[in-house]
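J.: Supplied structure: upload-v3.tsv, TSV, C-alpha atoms.
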chain	number	residue	atom	x	y	z
A	1	MET	CA	135.90	73.28	20.68
A	2	GLN	CA	135.97	70.81	23.60
A	3	LYS	CA	138.08	67.68	23.93
A	4	ASN	CA	137.64	65.11	26.69
A	5	PHE	CA	140.80	63.66	28.23
A	6	SER	CA	141.66	60.88	30.65
A	7	ILE	CA	144.94	60.68	32.58
A	8	PRO	CA	146.04	57.52	34.40
A	9	VAL	CA	146.96	58.09	38.06
A	10	ASN	CA	147.70	55.14	40.36
A	11	ASN	CA	145.49	52.70	38.41
A	12	LEU	CA	142.61	55.19	38.25
A	13	SER	CA	141.83	57.99	35.81
A	14	VAL	CA	141.60	61.75	36.23
A	15	ASN	CA	139.10	62.97	33.65
A	16	GLY	CA	138.43	66.42	32.32
A	17	VAL	CA	137.99	68.65	29.31
A	18	LEU	CA	140.35	70.76	27.24
A	19	GLU	CA	138.62	73.75	25.67
A	20	ASN	CA	139.89	75.89	22.81
A	21	SER	CA	142.81	73.59	22.07
A	22	GLY	CA	145.42	75.65	20.29
A	23	GLY	CA	144.70	78.79	22.27
A	24	LYS	CA	147.68	81.09	22.82
A	25	LYS	CA	148.12	80.21	26.52
A	26	ILE	CA	146.49	77.81	28.98
A	27	VAL	CA	144.54	78.34	32.20
A	28	ILE	CA	143.90	75.38	34.52
A	29	LEU	CA	140.86	75.57	36.81
A	30	VAL	CA	141.11	73.67	40.10
A	31	HIS	CA	137.92	72.92	42.03
A	32	GLY	CA	137.41	72.73	45.77
A	33	PHE	CA	136.20	70.26	48.39
A	34	THR	CA	133.61	67.80	46.96
A	35	GLY	CA	133.46	69.94	43.82
A	36	ASP	CA	133.97	69.00	40.19
A	37	LEU	CA	135.09	70.28	36.80
A	38	HIS	CA	131.99	72.45	36.39
A	39	GLY	CA	132.75	74.61	39.42
A	40	PRO	CA	130.05	75.82	41.84
A	41	ASP	CA	126.87	76.64	39.92
A	42	ASN	CA	128.81	76.01	36.68
A	43	ILE	CA	131.03	79.05	37.22
A	44	PHE	CA	134.05	77.29	35.70
A	45	GLU	CA	132.13	76.77	32.48
A	46	LYS	CA	131.13	80.43	32.38
A	47	LEU	CA	134.66	81.63	33.10
A	48	SER	CA	136.01	79.28	30.44
A	49	ASP	CA	133.63	80.73	27.87
A	50	LYS	CA	134.88	84.21	28.74
A	51	LEU	CA	138.56	83.23	28.53
A	52	GLN	CA	138.11	81.43	25.23
A	53	GLN	CA	136.86	84.69	23.73
A	54	SER	CA	140.36	86.04	24.41
A	55	ASP	CA	141.96	82.95	22.84
A	56	TYR	CA	143.01	81.14	26.02
A	57	ALA	CA	142.91	77.38	26.18
A	58	VAL	CA	141.25	76.11	29.36
A	59	ILE	CA	141.49	72.84	31.27
A	60	ARG	CA	138.72	71.82	33.65
A	61	PHE	CA	139.02	68.52	35.50
A	62	SER	CA	137.75	66.59	38.51
A	63	PHE	CA	140.04	65.19	41.17
A	64	ARG	CA	139.93	61.46	41.76
A	65	GLY	CA	136.87	60.54	43.79
A	66	THR	CA	134.66	63.09	42.05
A	67	PRO	CA	132.85	62.26	38.79
A	68	PRO	CA	133.70	62.03	35.97
A	69	SER	CA	137.05	60.96	37.42
A	70	GLU	CA	137.45	57.53	38.98
A	71	GLY	CA	138.06	56.57	42.60
A	72	ASP	CA	136.37	56.87	45.96
A	73	TYR	CA	136.28	60.18	47.80
A	74	ILE	CA	137.05	58.47	51.08
A	75	ASP	CA	140.63	58.06	49.80
A	76	MET	CA	141.03	61.80	49.12
A	77	THR	CA	143.93	63.65	50.76
A	78	VAL	CA	145.66	66.93	50.08
A	79	GLU	CA	148.76	65.20	48.78
A	80	GLU	CA	146.77	62.94	46.45
A	81	GLN	CA	145.09	66.01	44.96
A	82	VAL	CA	148.49	67.62	44.46
A	83	VAL	CA	149.48	64.48	42.53
A	84	ASP	CA	146.35	64.78	40.37
A	85	LEU	CA	147.08	68.41	39.53
A	86	SER	CA	150.71	67.57	38.70
A	87	LYS	CA	149.48	64.96	36.21
A	88	VAL	CA	147.14	67.51	34.62
A	89	VAL	CA	150.06	69.93	34.33
A	90	GLU	CA	152.11	67.20	32.62
A	91	TYR	CA	149.24	66.75	30.17
A	92	ALA	CA	149.23	70.49	29.44
A	93	ARG	CA	152.99	70.37	28.83
A	94	SER	CA	152.50	67.50	26.40
A	95	LEU	CA	150.30	69.83	24.36
A	96	GLY	CA	153.09	72.39	24.18
A	97	TYR	CA	151.94	74.64	27.01
A	98	THR	CA	154.98	75.24	29.21
A	99	ASP	CA	153.75	78.35	30.99
A	100	ARG	CA	150.34	78.35	32.61
A	101	ALA	CA	147.93	80.20	34.88
A	102	LEU	CA	146.30	78.38	37.79
A	103	LEU	CA	143.00	79.18	39.45
A	104	GLY	CA	142.02	77.44	42.68
A	105	GLU	CA	138.69	77.79	44.45
A	106	SER	CA	138.37	77.04	48.19
A	107	MET	CA	140.40	73.90	48.97
A	108	GLY	CA	141.59	74.04	45.38
A	109	GLY	CA	143.48	77.17	46.41
A	110	ALA	CA	145.47	75.08	48.87
A	111	ILE	CA	146.31	72.61	46.13
A	112	VAL	CA	147.41	75.40	43.79
A	113	ALA	CA	149.63	76.92	46.51
A	114	LYS	CA	151.35	73.57	47.05
A	115	ALA	CA	151.69	72.89	43.31
A	116	TYR	CA	153.21	76.27	42.36
A	117	ASP	CA	156.42	76.27	40.35
A	118	SER	CA	158.34	78.79	38.25
A	119	GLN	CA	156.37	77.99	35.11
A	120	VAL	CA	153.18	79.32	36.70
A	121	LYS	CA	152.82	82.87	35.41
A	122	ALA	CA	149.60	83.93	37.19
A	123	VAL	CA	147.66	82.60	40.19
A	124	ILE	CA	144.04	83.30	41.07
A	125	PHE	CA	142.64	82.37	44.47
A	126	TRP	CA	138.87	82.31	44.96
A	127	TYR	CA	137.99	82.16	48.71
A	128	PRO	CA	141.10	80.04	49.34
A	129	ALA	CA	141.44	77.72	52.34
A	130	PHE	CA	145.03	78.06	53.55
A	131	ASP	CA	144.38	77.16	57.20
A	132	PHE	CA	142.08	74.15	57.35
A	133	ALA	CA	141.48	74.44	61.10
A	134	ASP	CA	140.16	77.98	60.57
A	135	CYS	CA	137.29	77.08	58.25
A	136	SER	CA	134.29	74.77	58.12
A	137	PHE	CA	136.65	71.77	58.20
A	138	LYS	CA	136.93	72.37	61.95
A	139	ASP	CA	133.50	70.71	62.24
A	140	PHE	CA	135.23	67.42	61.41
A	141	LEU	CA	137.36	67.83	64.54
A	142	THR	CA	134.58	68.06	67.14
A	143	THR	CA	134.23	65.34	69.75
A	144	GLU	CA	131.02	64.14	68.12
A	145	SER	CA	132.63	63.94	64.67
A	146	GLN	CA	135.65	62.13	66.04
A	147	GLN	CA	133.39	59.57	67.70
A	148	THR	CA	131.51	59.01	64.43
A	149	LEU	CA	134.79	58.69	62.57
A	150	ALA	CA	136.04	56.09	65.04
A	151	GLU	CA	132.81	54.10	64.78
A	152	LYS	CA	132.21	54.23	61.00
A	153	GLY	CA	135.62	54.96	59.57
A	154	TYR	CA	134.34	58.03	57.71
A	155	LEU	CA	132.27	61.21	57.99
A	156	LEU	CA	129.59	62.34	55.55
A	157	SER	CA	129.63	65.72	53.81
A	158	ASP	CA	127.20	66.50	50.99
A	159	GLY	CA	126.84	62.78	50.37
A	160	PHE	CA	130.61	62.20	50.15
A	161	LYS	CA	132.46	59.92	52.55
A	162	ILE	CA	135.37	61.78	54.15
A	163	GLY	CA	138.15	59.45	55.28
A	164	LYS	CA	140.32	59.51	58.38
A	165	GLN	CA	143.43	60.32	56.36
A	166	PHE	CA	141.99	63.66	55.32
A	167	VAL	CA	140.52	64.49	58.73
A	168	ASP	CA	143.92	63.84	60.30
A	169	GLU	CA	145.46	66.33	57.86
A	170	ILE	CA	143.20	69.22	58.89
A	171	PRO	CA	145.17	70.50	61.92
A	172	LYS	CA	148.40	70.28	59.94
A	173	VAL	CA	147.44	72.29	56.85
A	174	ASP	CA	148.70	75.87	57.16
A	175	LEU	CA	149.88	77.15	53.80
A	176	TYR	CA	150.46	80.87	54.32
A	177	SER	CA	154.21	80.33	53.93
A	178	LYS	CA	153.56	78.74	50.53
A	179	VAL	CA	151.86	81.95	49.39
A	180	GLY	CA	155.07	83.80	50.18
A	181	GLU	CA	156.94	81.52	47.78
A	182	ILE	CA	154.81	82.50	44.78
A	183	LYS	CA	156.75	84.81	42.46
A	184	CYS	CA	154.08	85.66	39.89
A	185	PRO	CA	151.05	88.00	39.90
A	186	ILE	CA	148.33	86.90	42.33
A	187	LEU	CA	144.63	87.75	42.50
A	188	PHE	CA	142.58	87.11	45.64
A	189	LEU	CA	138.78	87.20	45.45
A	190	HIS	CA	136.70	86.46	48.54
A	191	GLY	CA	133.07	86.89	49.51
A	192	GLY	CA	132.31	89.40	52.22
A	193	ALA	CA	129.69	87.06	53.67
A	194	ASP	CA	131.68	83.82	53.42
A	195	THR	CA	131.05	81.72	56.55
A	196	ASP	CA	132.82	78.57	55.28
A	197	VAL	CA	136.26	80.09	54.74
A	198	PRO	CA	136.57	83.46	56.50
A	199	ASN	CA	137.91	86.23	54.30
A	200	ARG	CA	140.61	86.92	56.89
A	201	GLN	CA	142.46	84.03	55.25
A	202	SER	CA	142.70	85.96	51.98
A	203	GLU	CA	143.53	89.16	53.87
A	204	ARG	CA	146.42	87.50	55.67
A	205	ALA	CA	147.68	85.79	52.53
A	206	PHE	CA	147.53	89.08	50.61
A	207	GLN	CA	149.82	90.71	53.16
A	208	ILE	CA	152.33	87.87	52.71
A	209	ALA	CA	152.13	87.72	48.91
A	210	HIS	CA	154.66	89.43	46.66
A	211	ASP	CA	153.76	92.19	44.21
A	212	PRO	CA	152.08	92.45	41.79
A	213	LYS	CA	148.95	91.41	43.63
A	214	GLU	CA	145.27	92.33	43.88
A	215	PHE	CA	142.64	91.65	46.52
A	216	HIS	CA	138.91	92.24	46.16
A	217	ILE	CA	136.16	91.56	48.68
A	218	ILE	CA	132.92	90.75	46.85
A	219	GLU	CA	130.41	92.43	49.10
A	220	GLY	CA	127.39	90.32	50.00
A	221	ALA	CA	128.83	87.18	48.37
A	222	ASP	CA	128.98	83.97	50.34
A	223	HIS	CA	131.15	80.92	49.74
A	224	CYS	CA	131.14	79.97	46.04
A	225	PHE	CA	130.07	83.50	45.01
A	226	LYS	CA	126.41	82.57	44.66
A	227	GLY	CA	124.61	85.42	42.93
A	228	GLU	CA	127.80	87.36	42.25
A	229	GLN	CA	129.29	85.38	39.39
A	230	VAL	CA	129.27	88.14	36.76
A	231	GLU	CA	131.53	90.44	38.81
A	232	VAL	CA	133.87	87.59	39.74
A	233	ILE	CA	134.25	86.36	36.17
A	234	ASP	CA	134.89	89.90	34.93
A	235	LEU	CA	137.57	90.62	37.56
A	236	THR	CA	139.23	87.26	36.94
A	237	ALA	CA	139.30	87.57	33.16
A	238	LYS	CA	140.68	91.13	33.30
A	239	PHE	CA	143.44	90.03	35.69
A	240	ILE	CA	144.46	87.10	33.47
A	241	GLU	CA	144.45	89.25	30.35
A	242	LYS	CA	146.57	91.89	32.12
A	243	PHE	CA	149.25	89.61	33.56
A	244	PHE	CA	149.22	86.47	31.39
Any chance you could give the structure as structure tokens?
T.:
Amino acid sequence: MQKNFSIPVNNLSVNGVLENSGGKKIVILVHGFTGDLHGPDNIFEKLSDKLQQSDYAVIRFSFRGTPPSEGDYIDMTVEEQVVDLSKVVEYARSLGYTDRALLGESMGGAIVAKAYDSQVKAVIFWYPAFDFADCSFKDFLTTESQQTLAEKGYLLSDGFKIGKQFVDEIPKVDLYSKVGEIKCPILFLHGGADTDVPNRQSERAFQIAHDPKEFHIIEGADHCFKGEQVEVIDLTAKFIEKFF
């Protein structure tokens, strides 16, 4: 069973879906840069189907600036996305779900790391971006990109306007220390052929993370796990069922 929800945030709405309302525990799926509630190639929908079979409730949502949520992507920043996730967590609490598991993919991993608190009982990172200057975001920092940004006031990425506020954040985002603050089980999954976020970011974070923890390189998989979704969904579901 699927229920649409809308949460007011700063005069805009964060929209998403709650699936299997009444499930024993809740898992919140957090998408990455320019993504949405479906996940890359609908992987969030497929993972949700798998988790619902084990009686988990699942929340999928889009950050402001990405449909079906309201707002303009040019206004997106890391801190604004942290606010969005905090509002989604409040919504989950209002349903009676105090404890939760969080899954963040790519930039969503950074948001999850910043949003962690003691009521998070399991964390899953898919190809997480902890150091923004050490991933494809560095292309926004080139001389050419900076000139375009100065002239137009934004950069284009996959049809989305990227604002100066976010570009200015890139050199400052280094969240490895946040990983060390997480006190619940952590799963890292990263593609062996990922050229957008190098898997050394997961490797470094894994060394910092507390036990219990798991780290799997998905051989041959690129960013977003294209073509390798079955293995990723299976590993993720088994981890959640084991620790949450």
J.: Which residue out of A:Glu70, A:Asp168, A:Glu80, A:Glu45 has the minimum interatomic distance to Asn11 in chain A when only C-alpha atoms are used?
T.: A:Glu70
J.: Go ahead and compute the interatomic distance for CA of Ser13 in chain A and CA of Ser69 in chain A, in Å to one decimal.
T.: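 Going from CA of Ser13 in chain A over to CA of Ser69 in chain A covers 5.9 Å.
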J.: Choose the residue, out of A:Gly159, A:Gly23, A:Gly32, A:Gly39, that has the smallest atom-to-atom separation from Ser54 in chain A; count all atoms listed in the file.
T.: A:Gly23
J.: Figure out the distance between CA of Ser62 in chain A and CA of Leu102 in chain A, please, to one decimal in Å.
T.: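 CA of Ser62 in chain A lies at a distance of 14.6 Å from CA of Leu102 in chain A.
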J.: Between A:Pro198, A:Leu149, A:Met1, A:Thr66, which one has atoms that come closest to Gln165 in chain A, using all atoms listed in the file?
T.: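 Nearest candidate to Gln165 in chain A out of A:Pro198, A:Leu149, A:Met1, A:Thr66: A:Leu149.
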J.: Do a neighbour search on Gln207 in chain A at 12 Å with only C-alpha atoms, toss out local chain neighbours closer than 3 positions, and write the hits as a short mmCIF file (atom, residue, chain, number, x, y, z; two decimals) with C-alpha atoms, keeping the file's coordinate frame.
T.:
data_model
loop_
_atom_site.label_atom_id
_atom_site.label_comp_id
_atom_site.auth_asym_id
_atom_site.auth_seq_id
_atom_site.Cartn_x
_atom_site.Cartn_y
_atom_site.Cartn_z
CA TYR A 176 150.46 80.87 54.32
CA SER A 177 154.21 80.33 53.93
CA VAL A 179 151.86 81.95 49.39
CA GLY A 180 155.07 83.80 50.18
CA ILE A 186 148.33 86.90 42.33
CA PHE A 188 142.58 87.11 45.64
CA ARG A 200 140.61 86.92 56.89
CA GLN A 201 142.46 84.03 55.25
CA SER A 202 142.70 85.96 51.98
CA GLU A 203 143.53 89.16 53.87
CA ARG A 204 146.42 87.50 55.67
CA HIS A 210 154.66 89.43 46.66
CA ASP A 211 153.76 92.19 44.21
CA PRO A 212 152.08 92.45 41.79
CA LYS A 213 148.95 91.41 43.63
CA GLU A 214 145.27 92.33 43.88
CA PHE A 215 142.64 91.65 46.52
#
J.: Kindly give the distance, in Å, that separates CA of Gln119 in chain A and CA of Ile240 in chain A, rounded to a single decimal.
T.: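 Going from CA of Gln119 in chain A over to CA of Ile240 in chain A, I get 15.1 Å.
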J.: Identify, on the basis of all atoms listed in the file, every residue whose closest approach to Glu79 in chain A does not exceed 10 Å; exclude the query and any residue fewer than 2 positions from it along the same chain; express the result as a PyMOL selection string.
T.: chain A and resi 76-77+81-85+111+114-115+166+169
J.: (136.8, 79.3, 52.3) in this file's frame - what residues fall within 9 Å of it? Use only C-alpha atoms and give the answer as a list in words.
T.: Glu105, Ser106, Met107, Trp126, Tyr127, Pro128, Ala129, Phe130, Phe132, Cys135, Ser136, His190, Gly191, Asp194, Thr195, Asp196, Val197, Pro198, Asn199, Gln201, Ser202, His223 and Cys224 of chain A
